[in-house]
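Undergrad: One file: protein.pdb (PDB, C-alpha atoms).
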```
MODEL        1
ATOM      1  CA  MET A  25       1.637   1.516 -25.147
ATOM      2  CA  ASN A  26       0.544   4.605 -27.058
ATOM      3  CA  GLY A  27       3.275   6.885 -28.353
ATOM      4  CA  GLU A  28       6.244   4.860 -27.115
ATOM      5  CA  SER A  29       9.509   4.683 -29.049
ATOM      6  CA  ILE A  30      12.748   2.815 -28.637
ATOM      7  CA  PHE A  31      14.827   5.742 -27.420
ATOM      8  CA  TRP A  32      12.419   8.158 -25.786
ATOM      9  CA  LEU A  33       8.970   8.054 -24.202
ATOM     10  CA  PRO A  34       7.105  11.195 -25.342
ATOM     11  CA  ALA A  35       5.443  13.192 -22.584
ATOM     12  CA  ALA A  36       1.657  12.908 -22.455
ATOM     13  CA  SER A  37       0.819  15.478 -19.780
ATOM     14  CA  VAL A  38       1.239  19.191 -19.123
ATOM     15  CA  GLN A  39       3.593  18.472 -16.203
ATOM     16  CA  GLY A  40       5.530  15.983 -18.317
ATOM     17  CA  ARG A  41       6.284  18.554 -20.981
ATOM     18  CA  ALA A  42       7.454  21.038 -18.353
ATOM     19  CA  THR A  43       9.689  18.357 -16.841
ATOM     20  CA  ASP A  44      11.156  17.499 -20.248
ATOM     21  CA  THR A  45      11.875  21.172 -20.964
ATOM     22  CA  LEU A  46      13.783  21.470 -17.694
ATOM     23  CA  PHE A  47      15.605  18.188 -18.320
ATOM     24  CA  PHE A  48      16.763  19.121 -21.820
ATOM     25  CA  ALA A  49      17.814  22.597 -20.653
ATOM     26  CA  LEU A  50      19.981  21.074 -17.921
ATOM     27  CA  LEU A  51      21.314  18.499 -20.381
ATOM     28  CA  ALA A  52      22.250  21.215 -22.892
ATOM     29  CA  LEU A  53      23.919  23.335 -20.200
ATOM     30  CA  SER A  54      25.843  20.322 -18.891
ATOM     31  CA  ALA A  55      26.957  19.413 -22.409
ATOM     32  CA  PHE A  56      28.083  22.998 -23.068
ATOM     33  CA  ILE A  57      30.137  23.106 -19.862
ATOM     34  CA  PHE A  58      31.586  19.642 -20.521
ATOM     35  CA  PHE A  59      32.748  20.406 -24.057
ATOM     36  CA  THR A  60      33.989  23.881 -23.093
ATOM     37  CA  VAL A  61      36.173  22.401 -20.343
ATOM     38  CA  LEU A  62      37.290  19.581 -22.671
ATOM     39  CA  VAL A  63      38.328  22.036 -25.407
ATOM     40  CA  LEU A  64      40.202  24.218 -22.911
ATOM     41  CA  ILE A  65      42.031  21.219 -21.432
ATOM     42  CA  VAL A  66      43.085  19.945 -24.873
ATOM     43  CA  THR A  67      44.044  23.440 -26.073
ATOM     44  CA  PHE A  68      46.203  24.220 -23.057
ATOM     45  CA  ALA A  69      47.696  20.714 -23.023
ATOM     46  CA  VAL A  70      48.850  21.144 -26.633
ATOM     47  CA  ARG A  71      49.893  24.804 -26.461
ATOM     48  CA  TYR A  72      51.797  24.544 -23.198
ATOM     49  CA  ARG A  73      53.269  21.113 -23.736
ATOM     50  CA  HIS A  74      56.864  20.543 -22.710
ATOM     51  CA  GLY A  75      59.273  22.309 -25.025
ATOM     52  CA  SER A  76      56.737  24.613 -26.688
ATOM     53  CA  GLY A  77      57.533  28.305 -27.154
ATOM     54  CA  ALA A  78      54.236  29.587 -25.721
ATOM     55  CA  PRO A  79      54.661  32.459 -23.231
ATOM     56  CA  ARG A  80      54.384  31.383 -19.600
ATOM     57  CA  GLY A  81      54.380  34.688 -17.745
ATOM     58  CA  GLU A  82      52.033  35.286 -14.829
ATOM     59  CA  MET A  83      48.596  36.793 -15.456
ATOM     60  CA  PRO A  84      48.367  40.398 -14.197
ATOM     61  CA  ALA A  85      46.908  40.665 -10.691
ATOM     62  CA  PHE A  86      43.905  42.805 -11.770
ATOM     63  CA  ALA A  87      43.050  40.284 -14.504
ATOM     64  CA  ARG A  88      43.136  37.400 -12.048
ATOM     65  CA  ARG A  89      40.858  39.284  -9.621
ATOM     66  CA  GLU A  90      38.309  40.332 -12.240
ATOM     67  CA  PHE A  91      38.250  36.867 -13.794
ATOM     68  CA  GLU A  92      37.696  35.138 -10.450
ATOM     69  CA  ILE A  93      34.955  37.585  -9.391
ATOM     70  CA  GLY A  94      33.216  37.356 -12.764
ATOM     71  CA  TRP A  95      33.350  33.560 -12.935
ATOM     72  CA  THR A  96      32.113  33.172  -9.342
ATOM     73  CA  ALA A  97      29.262  35.655  -9.848
ATOM     74  CA  ALA A  98      28.191  34.064 -13.140
ATOM     75  CA  THR A  99      28.030  30.543 -11.716
ATOM     76  CA  PHE A 100      26.245  31.794  -8.569
ATOM     77  CA  PHE A 101      23.479  33.563 -10.490
ATOM     78  CA  LEU A 102      23.167  30.632 -12.881
ATOM     79  CA  PHE A 103      22.670  28.312  -9.905
ATOM     80  CA  ILE A 104      20.042  30.653  -8.403
ATOM     81  CA  PHE A 105      18.164  30.747 -11.709
ATOM     82  CA  LEU A 106      18.204  26.957 -12.133
ATOM     83  CA  PHE A 107      17.152  26.448  -8.516
ATOM     84  CA  TRP A 108      14.245  28.893  -8.947
ATOM     85  CA  TRP A 109      13.147  27.261 -12.208
ATOM     86  CA  ALA A 110      13.236  23.716 -10.814
ATOM     87  CA  THR A 111      11.524  24.515  -7.521
ATOM     88  CA  THR A 112       8.716  26.601  -9.027
ATOM     89  CA  SER A 113       8.138  23.874 -11.614
ATOM     90  CA  GLN A 114       7.849  21.223  -8.912
ATOM     91  CA  PHE A 115       5.801  23.268  -6.434
ATOM     92  CA  ALA A 116       3.258  24.041  -9.150
ATOM     93  CA  THR A 117       2.327  20.343  -9.236
ATOM     94  CA  TYR A 118       1.053  20.453  -5.638
ATOM     95  CA  ASP A 119      -1.650  23.103  -6.168
ATOM     96  CA  ALA A 120      -4.448  21.490  -8.127
ATOM     97  CA  PRO A 121      -6.919  23.761  -9.948
ATOM     98  CA  ALA A 122     -10.194  24.331  -8.120
ATOM     99  CA  ASP A 123     -12.152  22.537 -10.847
ATOM    100  CA  ALA A 124      -9.906  19.454 -10.883
ATOM    101  CA  MET A 125     -11.554  16.047 -11.152
ATOM    102  CA  GLU A 126     -10.934  14.237  -7.852
ATOM    103  CA  VAL A 127      -9.825  10.603  -7.767
ATOM    104  CA  HIS A 128      -9.170   8.579  -4.616
ATOM    105  CA  VAL A 129      -6.383   6.007  -4.807
ATOM    106  CA  THR A 130      -5.886   3.282  -2.204
ATOM    107  CA  ALA A 131      -2.716   1.224  -2.623
ATOM    108  CA  LYS A 132      -2.254  -2.217  -1.096
ATOM    109  CA  GLN A 133      -0.228  -5.326  -1.815
ATOM    110  CA  TRP A 134      -0.394  -5.643  -4.778
ATOM    111  CA  MET A 135      -2.899  -3.359  -6.474
ATOM    112  CA  PHE A 136      -4.123   0.196  -6.933
ATOM    113  CA  LYS A 137      -7.815   0.782  -6.200
ATOM    114  CA  THR A 138      -9.169   3.984  -7.742
ATOM    115  CA  GLN A 139     -12.512   5.760  -7.468
ATOM    116  CA  SER A 140     -13.865   9.212  -8.172
ATOM    117  CA  PRO A 141     -16.504  10.553  -5.718
ATOM    118  CA  SER A 142     -19.331   9.778  -8.138
ATOM    119  CA  GLY A 143     -17.615   7.383 -10.523
ATOM    120  CA  PRO A 144     -16.950   3.643 -10.777
ATOM    121  CA  ARG A 145     -14.346   1.719  -8.854
ATOM    122  CA  GLU A 146     -11.375   0.300 -10.739
ATOM    123  CA  ILE A 147      -8.464  -1.969  -9.872
ATOM    124  CA  ASN A 148      -5.067  -1.304 -11.472
ATOM    125  CA  ALA A 149      -6.727   1.042 -13.949
ATOM    126  CA  LEU A 150      -7.810   4.645 -14.140
ATOM    127  CA  HIS A 151      -9.920   6.245 -16.885
ATOM    128  CA  VAL A 152      -9.702  10.025 -17.221
ATOM    129  CA  PRO A 153     -10.785  12.597 -19.825
ATOM    130  CA  VAL A 154      -8.132  14.400 -21.857
ATOM    131  CA  ASP A 155      -7.220  18.046 -21.091
ATOM    132  CA  THR A 156      -8.811  17.785 -17.647
ATOM    133  CA  PRO A 157      -6.873  18.335 -14.403
ATOM    134  CA  VAL A 158      -7.071  15.241 -12.189
ATOM    135  CA  ARG A 159      -6.396  15.542  -8.463
ATOM    136  CA  LEU A 160      -5.232  12.329  -6.796
ATOM    137  CA  VAL A 161      -5.901  11.765  -3.082
ATOM    138  CA  MET A 162      -3.781   8.740  -2.189
ATOM    139  CA  THR A 163      -3.182   6.534   0.820
ATOM    140  CA  SER A 164      -1.818   3.049   1.541
ATOM    141  CA  GLU A 165      -3.334   0.184   3.512
ATOM    142  CA  ASP A 166      -0.057  -1.566   4.342
ATOM    143  CA  VAL A 167       3.428  -0.495   3.180
ATOM    144  CA  ILE A 168       4.975   2.292   1.122
ATOM    145  CA  HIS A 169       3.926   2.225  -2.520
ATOM    146  CA  SER A 170       4.523   4.665  -5.365
ATOM    147  CA  PHE A 171       2.124   5.795  -8.103
ATOM    148  CA  TRP A 172       4.278   6.124 -11.234
ATOM    149  CA  VAL A 173       3.115   6.956 -14.753
ATOM    150  CA  PRO A 174       6.308   7.421 -16.827
ATOM    151  CA  ALA A 175       4.542   9.090 -19.772
ATOM    152  CA  PHE A 176       3.190  11.770 -17.421
ATOM    153  CA  ARG A 177       6.563  12.144 -15.633
ATOM    154  CA  PHE A 178       4.418  11.602 -12.542
ATOM    155  CA  LYS A 179       5.704   9.678  -9.515
ATOM    156  CA  ARG A 180       4.493  10.093  -5.945
ATOM    157  CA  ASP A 181       5.128   7.881  -2.937
ATOM    158  CA  ILE A 182       2.052   6.639  -1.056
ATOM    159  CA  ILE A 183       2.788   6.263   2.647
ATOM    160  CA  PRO A 184       0.601   4.342   5.116
ATOM    161  CA  GLY A 185      -1.069   6.577   7.669
ATOM    162  CA  ARG A 186      -0.556   9.695   5.566
ATOM    163  CA  LEU A 187      -2.592  11.415   2.867
ATOM    164  CA  THR A 188      -0.675  12.219  -0.325
ATOM    165  CA  GLN A 189      -2.233  14.676  -2.779
ATOM    166  CA  ASP A 190      -1.048  15.669  -6.228
ATOM    167  CA  TRP A 191      -2.435  16.295  -9.701
ATOM    168  CA  PHE A 192      -1.749  15.878 -13.385
ATOM    169  CA  GLN A 193      -3.376  16.898 -16.648
ATOM    170  CA  ALA A 194      -3.067  14.453 -19.525
ATOM    171  CA  ASP A 195      -3.060  16.163 -22.920
ATOM    172  CA  LYS A 196      -2.783  13.186 -25.266
ATOM    173  CA  VAL A 197      -5.355  10.420 -25.773
ATOM    174  CA  GLY A 198      -4.036   6.895 -25.261
ATOM    175  CA  SER A 199      -3.270   4.130 -22.778
ATOM    176  CA  TYR A 200      -0.235   4.574 -20.514
ATOM    177  CA  HIS A 201       1.663   2.286 -18.159
ATOM    178  CA  LEU A 202       1.065   2.580 -14.403
ATOM    179  CA  PHE A 203       3.665   1.081 -12.058
ATOM    180  CA  CYS A 204       4.421   0.849  -8.371
ATOM    181  CA  ALA A 205       7.946   2.273  -8.175
ATOM    182  CA  GLU A 206       8.615   1.344  -4.535
ATOM    183  CA  LEU A 207       9.650  -2.188  -3.550
ATOM    184  CA  CYS A 208       6.566  -3.329  -1.623
ATOM    185  CA  GLY A 209       6.854  -7.087  -1.234
ATOM    186  CA  THR A 210       6.975 -10.419  -3.048
ATOM    187  CA  ASP A 211       4.718  -9.501  -5.972
ATOM    188  CA  HIS A 212       5.892  -5.920  -6.343
ATOM    189  CA  SER A 213       6.705  -6.519 -10.022
ATOM    190  CA  GLN A 214       3.068  -7.513 -10.639
ATOM    191  CA  MET A 215       1.683  -4.255  -9.239
ATOM    192  CA  ILE A 216       1.085  -2.694 -12.640
ATOM    193  CA  GLY A 217      -1.855  -1.178 -14.465
ATOM    194  CA  GLN A 218      -2.791   1.485 -16.960
ATOM    195  CA  VAL A 219      -4.137   5.007 -17.137
ATOM    196  CA  VAL A 220      -6.522   5.373 -20.060
ATOM    197  CA  VAL A 221      -6.903   8.919 -21.390
ATOM    198  CA  MET A 222     -10.085   9.365 -23.422
ATOM    199  CA  THR A 223     -11.737  12.162 -25.333
ATOM    200  CA  LYS A 224     -14.402  13.884 -23.247
ATOM    201  CA  PRO A 225     -17.333  12.422 -25.245
ATOM    202  CA  ASP A 226     -15.821   8.923 -25.035
ATOM    203  CA  TYR A 227     -15.248   9.335 -21.296
ATOM    204  CA  ALA A 228     -18.858  10.443 -20.744
ATOM    205  CA  ASP A 229     -20.042   7.409 -22.714
ATOM    206  CA  TRP A 230     -17.753   5.109 -20.716
ATOM    207  CA  ILE A 231     -19.042   6.504 -17.408
ATOM    208  CA  ALA A 232     -22.654   5.982 -18.536
ATOM    209  CA  ARG A 233     -21.952   2.307 -19.288
ATOM    210  CA  GLN A 234     -20.450   1.535 -15.859
ATOM    211  CA  PRO A 235     -22.450  -0.111 -13.049
ATOM    212  CA  GLN A 236     -23.995   2.613 -10.901
ATOM    213  CA  GLY A 237     -23.714   2.500  -7.120
ATOM    214  CA  ASP A 238     -23.694   4.878  -4.203
ATOM    215  CA  ASP A 239     -21.179   7.676  -4.375
ATOM    216  CA  LEU A 240     -18.505   8.054  -1.704
ATOM    217  CA  ALA A 241     -20.429  10.623   0.322
ATOM    218  CA  THR A 242     -23.557   8.450   0.449
ATOM    219  CA  GLU A 243     -21.528   5.445   1.547
ATOM    220  CA  GLY A 244     -19.808   7.599   4.158
ATOM    221  CA  GLY A 245     -23.157   8.864   5.457
ATOM    222  CA  LYS A 246     -24.376   5.311   6.044
ATOM    223  CA  LEU A 247     -21.121   4.420   7.792
ATOM    224  CA  PHE A 248     -21.344   7.619   9.861
ATOM    225  CA  VAL A 249     -24.617   6.342  11.330
ATOM    226  CA  GLN A 250     -23.509   2.695  11.679
ATOM    227  CA  LEU A 251     -20.418   3.632  13.684
ATOM    228  CA  GLY A 252     -22.459   5.820  16.017
ATOM    229  CA  CYS A 253     -20.796   9.068  14.921
ATOM    230  CA  ALA A 254     -24.191  10.713  14.448
ATOM    231  CA  GLY A 255     -24.971  10.108  18.109
ATOM    232  CA  CYS A 256     -22.340  12.681  19.112
ATOM    233  CA  HIS A 257     -21.860  14.893  16.048
ATOM    234  CA  GLY A 258     -25.506  15.087  15.010
ATOM    235  CA  GLY A 259     -27.384  18.378  15.318
ATOM    236  CA  ARG A 260     -29.474  17.159  18.271
ATOM    237  CA  ALA A 261     -26.856  14.949  19.947
ATOM    238  CA  ALA A 262     -26.816  14.788  23.745
ATOM    239  CA  VAL A 263     -23.019  14.469  23.860
ATOM    240  CA  ARG A 264     -21.266  17.790  23.328
ATOM    241  CA  ALA A 265     -19.133  17.324  20.211
ATOM    242  CA  PRO A 266     -18.203  19.625  17.304
ATOM    243  CA  ASN A 267     -20.891  20.170  14.683
ATOM    244  CA  LEU A 268     -19.376  18.965  11.418
ATOM    245  CA  ALA A 269     -21.676  20.927   9.116
ATOM    246  CA  GLY A 270     -19.610  23.269   6.973
ATOM    247  CA  ILE A 271     -16.391  22.448   8.811
ATOM    248  CA  PHE A 272     -14.438  21.356   5.737
ATOM    249  CA  ASN A 273     -11.716  23.799   4.629
ATOM    250  CA  ARG A 274     -12.504  26.089   7.546
ATOM    251  CA  GLU A 275      -9.857  27.223  10.002
ATOM    252  CA  ILE A 276     -10.721  26.125  13.525
ATOM    253  CA  PRO A 277      -9.114  26.923  16.893
ATOM    254  CA  LEU A 278      -7.511  24.131  18.898
ATOM    255  CA  ALA A 279      -7.427  23.548  22.639
ATOM    256  CA  ASP A 280      -3.684  24.338  22.727
ATOM    257  CA  GLY A 281      -4.248  27.822  21.267
ATOM    258  CA  ASN A 282      -3.175  27.011  17.715
ATOM    259  CA  HIS A 283      -5.352  27.030  14.617
ATOM    260  CA  VAL A 284      -5.636  24.365  11.925
ATOM    261  CA  LEU A 285      -7.278  24.066   8.528
ATOM    262  CA  ALA A 286      -9.953  21.371   8.556
ATOM    263  CA  ASP A 287      -8.861  19.703   5.314
ATOM    264  CA  GLU A 288      -8.781  16.014   4.395
ATOM    265  CA  ARG A 289      -5.648  15.481   6.467
ATOM    266  CA  TYR A 290      -7.180  16.970   9.616
ATOM    267  CA  ILE A 291     -10.467  15.071   9.269
ATOM    268  CA  ARG A 292      -8.615  11.818   8.668
ATOM    269  CA  ASP A 293      -6.311  12.352  11.671
ATOM    270  CA  SER A 294      -9.270  13.333  13.864
ATOM    271  CA  ILE A 295     -10.872   9.949  13.138
ATOM    272  CA  LEU A 296      -7.717   7.917  13.721
ATOM    273  CA  GLN A 297      -6.000  10.083  16.380
ATOM    274  CA  PRO A 298      -8.782  12.177  17.961
ATOM    275  CA  ARG A 299      -6.650  13.395  20.885
ATOM    276  CA  ARG A 300      -3.888  14.781  18.690
ATOM    277  CA  GLU A 301      -5.564  18.055  17.677
ATOM    278  CA  VAL A 302      -8.594  18.694  19.910
ATOM    279  CA  ALA A 303     -10.965  21.497  18.942
ATOM    280  CA  ALA A 304     -11.136  24.351  21.440
ATOM    281  CA  GLY A 305     -14.014  24.115  23.910
ATOM    282  CA  PHE A 306     -14.397  20.332  23.715
ATOM    283  CA  GLU A 307     -13.124  17.471  25.851
ATOM    284  CA  PRO A 308     -10.909  14.745  24.294
ATOM    285  CA  VAL A 309     -13.495  11.993  24.796
ATOM    286  CA  MET A 310     -13.777  10.665  21.245
ATOM    287  CA  PRO A 311     -12.401   7.103  20.835
ATOM    288  CA  SER A 312      -9.907   6.267  18.123
ATOM    289  CA  PHE A 313     -11.196   4.402  15.081
ATOM    290  CA  ALA A 314      -7.732   3.191  14.066
ATOM    291  CA  GLY A 315      -8.065  -0.484  13.197
ATOM    292  CA  VAL A 316     -11.860  -0.188  13.203
ATOM    293  CA  VAL A 317     -12.347   1.368   9.773
ATOM    294  CA  SER A 318     -10.502   0.394   6.619
ATOM    295  CA  GLU A 319      -8.845   2.860   4.268
ATOM    296  CA  ASP A 320     -11.812   2.629   1.895
ATOM    297  CA  GLU A 321     -14.239   3.357   4.725
ATOM    298  CA  LEU A 322     -12.071   6.209   5.924
ATOM    299  CA  THR A 323     -12.147   7.720   2.441
ATOM    300  CA  SER A 324     -15.952   7.480   2.422
ATOM    301  CA  LEU A 325     -16.238   9.125   5.849
ATOM    302  CA  VAL A 326     -14.024  12.024   4.782
ATOM    303  CA  ALA A 327     -16.079  12.435   1.598
ATOM    304  CA  TYR A 328     -19.294  12.533   3.655
ATOM    305  CA  ILE A 329     -17.972  15.161   6.077
ATOM    306  CA  ARG A 330     -16.761  17.232   3.128
ATOM    307  CA  SER A 331     -20.246  17.135   1.651
ATOM    308  CA  LEU A 332     -21.989  18.509   4.745
ATOM    309  CA  ARG A 333     -23.195  22.072   4.680
ATOM    310  CA  VAL A 334     -25.204  24.188   7.096
ATOM    311  CA  SER A 335     -28.943  24.553   6.683
ATOM    312  CA  GLY A 336     -29.942  28.222   6.455
ATOM    313  CA  THR A 337     -32.996  27.740   8.699
ATOM    314  CA  THR A 338     -32.018  25.302  11.423
ATOM    315  CA  GLY A 339     -28.256  25.387  11.425
ATOM    316  CA  GLU A 340     -28.208  21.591  11.102
ATOM    317  CA  ALA A 341     -26.083  19.640   8.683
ATOM    318  CA  VAL A 342     -27.576  18.906   5.295
ATOM    319  CA  ARG A 343     -26.279  17.602   1.979
TER     320      ARG A 343
ENDMDL
END
```
Can you give me the file's structure in the form of structure tokens?

TA:
Amino acid sequence: MNGESIFWLPAASVQGRATDTLFFALLALSAFIFFTVLVLIVTFAVRYRHGSGAPRGEMPAFARREFEIGWTAATFFLFIFLFWWATTSQFATYDAPADAMEVHVTAKQWMFKTQSPSGPREINALHVPVDTPVRLVMTSEDVIHSFWVPAFRFKRDIIPGRLTQDWFQADKVGSYHLFCAELCGTDHSQMIGQVVVMTKPDYADWIARQPQGDDLATEGGKLFVQLGCAGCHGGRAAVRAPNLAGIFNREIPLADGNHVLADERYIRDSILQPRREVAAGFEPVMPSFAGVVSEDELTSLVAYIRSLRVSGTTGEAVR
């Protein structure tokens, strides 16, 4: 693939370059400590060998104390610095920019299915524009998988029943290997694909040439009606259920007195486990849709609920 060499795979993302910088810094520090200790061991082994005339008196007490305090303090603060550097570097990968391009990934034996809210569906492939943050919303239909792009230094486990979110920003045009890095069954080794990074004009042209279908929110809206959700959560529903208009990313009170952010995780869990976190003022009468809707359908439903907003005149949900 693009940019590969025999000895080192060059980083092709912003996060990859940060990871490489940290790696080489730790490698250089480790090499410095290793060779320093090696030189000291050889020096003292030769100088204080049996029969040599080197002085062997005890080190003064104050020198021993100051050396021990200084060495302990230096290594402690070095550890704190390295810990801070590594953790801040890793935590930064979990907060995607607000303008990030969103891509939904569903993993199953033995493929990755990808789709952006308004883009085409792909299997074992993902096309993205260069220098654009890409937020991945990932889930699994069966067992644990792992989305691994070595050139991006990007690897995240995808766990069934849980939503995994992360992001990357590719900064070099090319085609890069995509692997599942978690043993997931008989054909695990065949669960491979590619991430194609394109210039922004080329990506726009590629999108225009793809078959056009309904976006995720439109598909979710149709499913919302088919499953009977609109009968309870609609603006004029007879059953008393929460109005979903404008609920996304809003903090809501729960029946147990706690509060929760209505993000993708909460909406997903409310569909599959409706009695787990019940909104305050409502009875836990909603049935579970676990086993009724597939992961793809669940993704569409979440996208539809995200798209709802409140009408300024009637207070009903509109898109």

Undergrad: Find the distance between CA of Leu187 (chain A) and CA of Thr163 (chain A) and write it in Å to one decimal.

TA: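 These atoms are spaced 5.3 Å apart.
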
Undergrad: What's the separation between CA of Ile216 (chain A) and CA of Ser324 (chain A), in Å to one decimal place?

TA: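 A separation of 24.9 Å between them.
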
Undergrad: Mind pulling up the distance from CA of Pro121 (chain A) to CA of Tyr328 (chain A)?

TA: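 Going from CA of Tyr328 (chain A) over to CA of Pro121 (chain A) covers 21.5 Å.
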
Undergrad: Tell me which residues the PyMOL selection byres ((chain A and resi 141-155) around 9) grabs here, as a ChimeraX atom specification.

TA: /A:37-38,125-128,135-140,156-158,193-197,202,215-228,230-231,234-241,324,327

Undergrad: Just want the 10 Å neighbourhood of region 274-291 of chain A, counted on only C-alpha atoms, with same-chain residues fewer than 4 positions away dropped. Output as a list in words.

TA: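 Once the adjacent positions are removed, what remains is Val161, Arg186, Leu187, Thr188, Gln189, Leu268, Gly270, Ile295, Leu296, Gln297, Pro298, Arg300, Glu301, Val302, Ala303, Ala304, Gly305, Phe306, Glu307, Pro308, Leu322, Thr323, Leu325, Val326, Ala327, Ile329 and Arg330 of chain A.
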
Undergrad: Can I get the selected residues back with C-alpha atoms, as a compact mmCIF listing (two decimals), in the frame of the given file?

TA:
```
# COMPACT_ATOMS: atom_id res chain seq x y z
CA VAL A 161 -5.90 11.76 -3.08
CA ARG A 186 -0.56 9.70 5.57
CA LEU A 187 -2.59 11.42 2.87
CA THR A 188 -0.68 12.22 -0.32
CA GLN A 189 -2.23 14.68 -2.78
CA LEU A 268 -19.38 18.96 11.42
CA GLY A 270 -19.61 23.27 6.97
CA ILE A 295 -10.87 9.95 13.14
CA LEU A 296 -7.72 7.92 13.72
CA GLN A 297 -6.00 10.08 16.38
CA PRO A 298 -8.78 12.18 17.96
CA ARG A 300 -3.89 14.78 18.69
CA GLU A 301 -5.56 18.06 17.68
CA VAL A 302 -8.59 18.69 19.91
CA ALA A 303 -10.96 21.50 18.94
CA ALA A 304 -11.14 24.35 21.44
CA GLY A 305 -14.01 24.12 23.91
CA PHE A 306 -14.40 20.33 23.72
CA GLU A 307 -13.12 17.47 25.85
CA PRO A 308 -10.91 14.74 24.29
CA LEU A 322 -12.07 6.21 5.92
CA THR A 323 -12.15 7.72 2.44
CA LEU A 325 -16.24 9.12 5.85
CA VAL A 326 -14.02 12.02 4.78
CA ALA A 327 -16.08 12.44 1.60
CA ILE A 329 -17.97 15.16 6.08
CA ARG A 330 -16.76 17.23 3.13
```

Undergrad: Run the PyMOL selection byres ((chain A and resi 212) around 12) mentally over the shown coordinates, then write out the matched residues as a JSON list (two decimals) with C-alpha atoms, keeping the file's coordinate frame, using the chain letters and numbers from the document.

TA:
```
[["chain", "number", "residue", "atom", "x", "y", "z"],
["A", 131, "ALA", "CA", -2.72, 1.22, -2.62],
["A", 132, "LYS", "CA", -2.25, -2.22, -1.10],
["A", 133, "GLN", "CA", -0.23, -5.33, -1.82],
["A", 134, "TRP", "CA", -0.39, -5.64, -4.78],
["A", 135, "MET", "CA", -2.90, -3.36, -6.47],
["A", 136, "PHE", "CA", -4.12, 0.20, -6.93],
["A", 167, "VAL", "CA", 3.43, -0.50, 3.18],
["A", 168, "ILE", "CA", 4.97, 2.29, 1.12],
["A", 169, "HIS", "CA", 3.93, 2.22, -2.52],
["A", 170, "SER", "CA", 4.52, 4.66, -5.36],
["A", 203, "PHE", "CA", 3.66, 1.08, -12.06],
["A", 204, "CYS", "CA", 4.42, 0.85, -8.37],
["A", 205, "ALA", "CA", 7.95, 2.27, -8.18],
["A", 206, "GLU", "CA", 8.62, 1.34, -4.54],
["A", 207, "LEU", "CA", 9.65, -2.19, -3.55],
["A", 208, "CYS", "CA", 6.57, -3.33, -1.62],
["A", 209, "GLY", "CA", 6.85, -7.09, -1.23],
["A", 210, "THR", "CA", 6.98, -10.42, -3.05],
["A", 211, "ASP", "CA", 4.72, -9.50, -5.97],
["A", 213, "SER", "CA", 6.70, -6.52, -10.02],
["A", 214, "GLN", "CA", 3.07, -7.51, -10.64],
["A", 215, "MET", "CA", 1.68, -4.26, -9.24],
["A", 216, "ILE", "CA", 1.08, -2.69, -12.64]]
```

Undergrad: Restricting the calculation to only C-alpha atoms: of A:Asp229, A:Leu50, A:Gly244, A:Ser294, which residue gets closest to Leu102 (chain A)?

TA: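 Closest to Leu102 (chain A) of all the choices is A:Leu50.
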
Undergrad: Applied to the shown file, which residues does the PyMOL selection byres ((chain A and resi 35) around 10) return, written as a list in words?

TA: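 Residues picked by the PyMOL selection byres ((chain A and resi 35) around 10): Gly27, Glu28, Trp32, Leu33, Pro34, Ala36, Ser37, Val38, Gln39, Gly40, Arg41, Ala42, Thr43, Asp44, Pro174, Ala175, Phe176, Arg177, Ala194, Asp195 and Lys196 of chain A.
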
Undergrad: Rank A:Gln250, A:Ser331, A:Ser164, A:Thr45 by their smallest atom-to-atom distance to Asn273 (chain A), using only C-alpha atoms, and report the top residue only.

TA: A:Ser331

Undergrad: For a quick check of understanding, using all atoms listed in the file, which of A:Ala120, A:Ser318, A:Ser199, A:Val61 has the smallest distance to Pro184 (chain A)?

TA: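 Ranked by minimum distance to Pro184 (chain A), first place goes to A:Ser318.
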
Undergrad: Which residue gives the smallest distance to Arg299 (chain A) among A:Phe313, A:Tyr200, A:Trp172, A:Trp108, with all atoms listed in the file counted?

TA: A:Phe313

Undergrad: For Ala116 (chain A), which residue among A:Phe192, A:Gly198, A:Phe59, A:Phe171 is the nearest when counting only C-alpha atoms?

TA: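 Nearest candidate to Ala116 (chain A) out of A:Phe192, A:Gly198, A:Phe59, A:Phe171: A:Phe192.
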